[in-house]
Amino acid sequence: MSKTTLISETLASKPVLAGLTADEIGNDHMYTGIETPLRKDAFLKSDADKIEAISYHFREIMETLGLDLSDESLCGTPDRVAKMYVEEIFSGLNPENKPKIALFENKYQYRQMLVEKDITLFSNCEHHFVPIYGKAHVAYISSGKVIGLSKLNRIVRYFAQRPQVQERLTEQIARELQTILETDDVAVLIDAHHMCVSSRGIKDTASSTVTSFYGGKFQKDSTRSEFLTYLNIK
């Protein structure tokens, strides 16, 4: 199957993209669903096999760019990039890396809002494979169970460590927290910078992108305003 045929079939499989070519989509922002697009055979290869394959192909990219891989500064780059992709910045693709979460009884009977703000966020844009970085803020109101604070950070990191679209990332974090905590009363706000905007294309280094999710009680103006007040956001 040729590359052109594969792209055409992929576009045709999504109604919102039907009739568009890859060039027409170009740099436009696309968000096709809450689930990260993964093939059914995504985990048939071991991590070691993936690292070997990525290293080979990245070496081809570097050589195509005209880089001299016999140089001692560059010779190890394909392996380093491959390991970084699989073991670090895209490790959230593998469900085996999903953080193990334990819930605890709300023995203190704390029924107010719990906010974990300024969670450092690093991800990568799935359109150009360049960094997204910023802060995530999450909150929930206990329905009788509570979660360890560090687990909130780990959930954010797990879903961030994959090629992402910020809208999807926001939804994935929120839906996961709703499921774990067995409550709709969850809020997520992400304020992030996209290197695909600042380092290429329009090259705007000042702007940031804000996305939010408000579930359950957070859909009420008073509850949402309280959350935003903690973040010093009007």
# chains A, B, ... in the order shown; residues from 1 in each chain; ligands from 1
call {"tool": "residues_around", "arguments": {"residues": "Leu103 (chain A)", "least_positions_apart": "4", "cutoff": "9 Å", "atoms": "only C-alpha atoms", "output": "PyMOL selection string"}}
result
chain A and resi 145-148+180-181
call {"tool": "closest_atom_pairs", "arguments": {"of": "region 67-163 of chain A", "to": "region 169-179 of chain A", "cutoff": "8 Å", "atoms": "only C-alpha atoms", "output": "CSV"}}
result
residue,atom,partner,partner_atom,distance
A:Ile155,CA,A:Ile173,CA,6.7
A:Val156,CA,A:Ile173,CA,6.1
A:Phe159,CA,A:Leu169,CA,6.4
A:Ala160,CA,A:Leu169,CA,6.6
call {"tool": "residues_around", "arguments": {"residues": "Glu167 (chain A)", "least_positions_apart": "6", "cutoff": "10 Å", "atoms": "only C-alpha atoms", "output": "PyMOL selection string"}}
result
chain A and resi 30-31+33-34+190+209-213
call {"tool": "residues_around", "arguments": {"residues": "Ala139 (chain A)", "least_positions_apart": "6", "cutoff": "10 Å", "atoms": "only C-alpha atoms", "output": "CSV table (one decimal) with C-alpha atoms, in the first residue's frame"}}
result
chain,number,residue,atom,x,y,z
A,113,MET,CA,-13.1,21.2,47.0
A,114,LEU,CA,-9.6,19.8,46.8
A,115,VAL,CA,-7.4,21.6,44.3
A,116,GLU,CA,-3.9,20.5,43.1
A,117,LYS,CA,-2.6,23.4,41.1
A,152,LEU,CA,-3.0,13.4,40.7
A,174,ALA,CA,-10.8,14.5,33.7
A,177,LEU,CA,-10.4,11.1,37.6
A,185,ASP,CA,-17.4,16.5,40.4
A,186,VAL,CA,-14.1,17.0,38.7
A,187,ALA,CA,-12.4,20.1,37.1
A,188,VAL,CA,-9.3,20.3,35.0
A,189,LEU,CA,-7.7,23.4,33.5
A,214,TYR,CA,-16.0,21.1,34.4
A,218,PHE,CA,-18.2,22.5,38.8
A,227,PHE,CA,-11.9,26.9,41.6
call {"tool": "atom_distance", "arguments": {"atom1": "CA of Ser91 (chain A)", "atom2": "CA of Arg59 (chain A)"}}
result
21.0 Å
call {"tool": "select_by_dssp", "arguments": {"residues": "chain A", "states": "strand (DSSP E)", "output": "PyMOL selection string"}}
result
chain A and resi 103-105+113-125+131-141+145-147+163-164+186-194+209-214
call {"tool": "select_by_dssp", "arguments": {"residues": "region 15-182 of chain A", "states": "helix (DSSP H, G or I)", "output": "PyMOL selection string"}}
result
chain A and resi 15-17+22-25+47-64+77-89+91-93+95-97+149-160+166-181
call {"tool": "atom_distance", "arguments": {"atom1": "CA of Lys40 (chain A)", "atom2": "CA of Glu126 (chain A)"}}
result
18.6 Å
call {"tool": "closest_residue", "arguments": {"among": "A:Val86, A:Met195, A:Arg224, A:Thr32", "to": "Lys50 (chain A)", "atoms": "only C-alpha atoms"}}
result
A:Val86
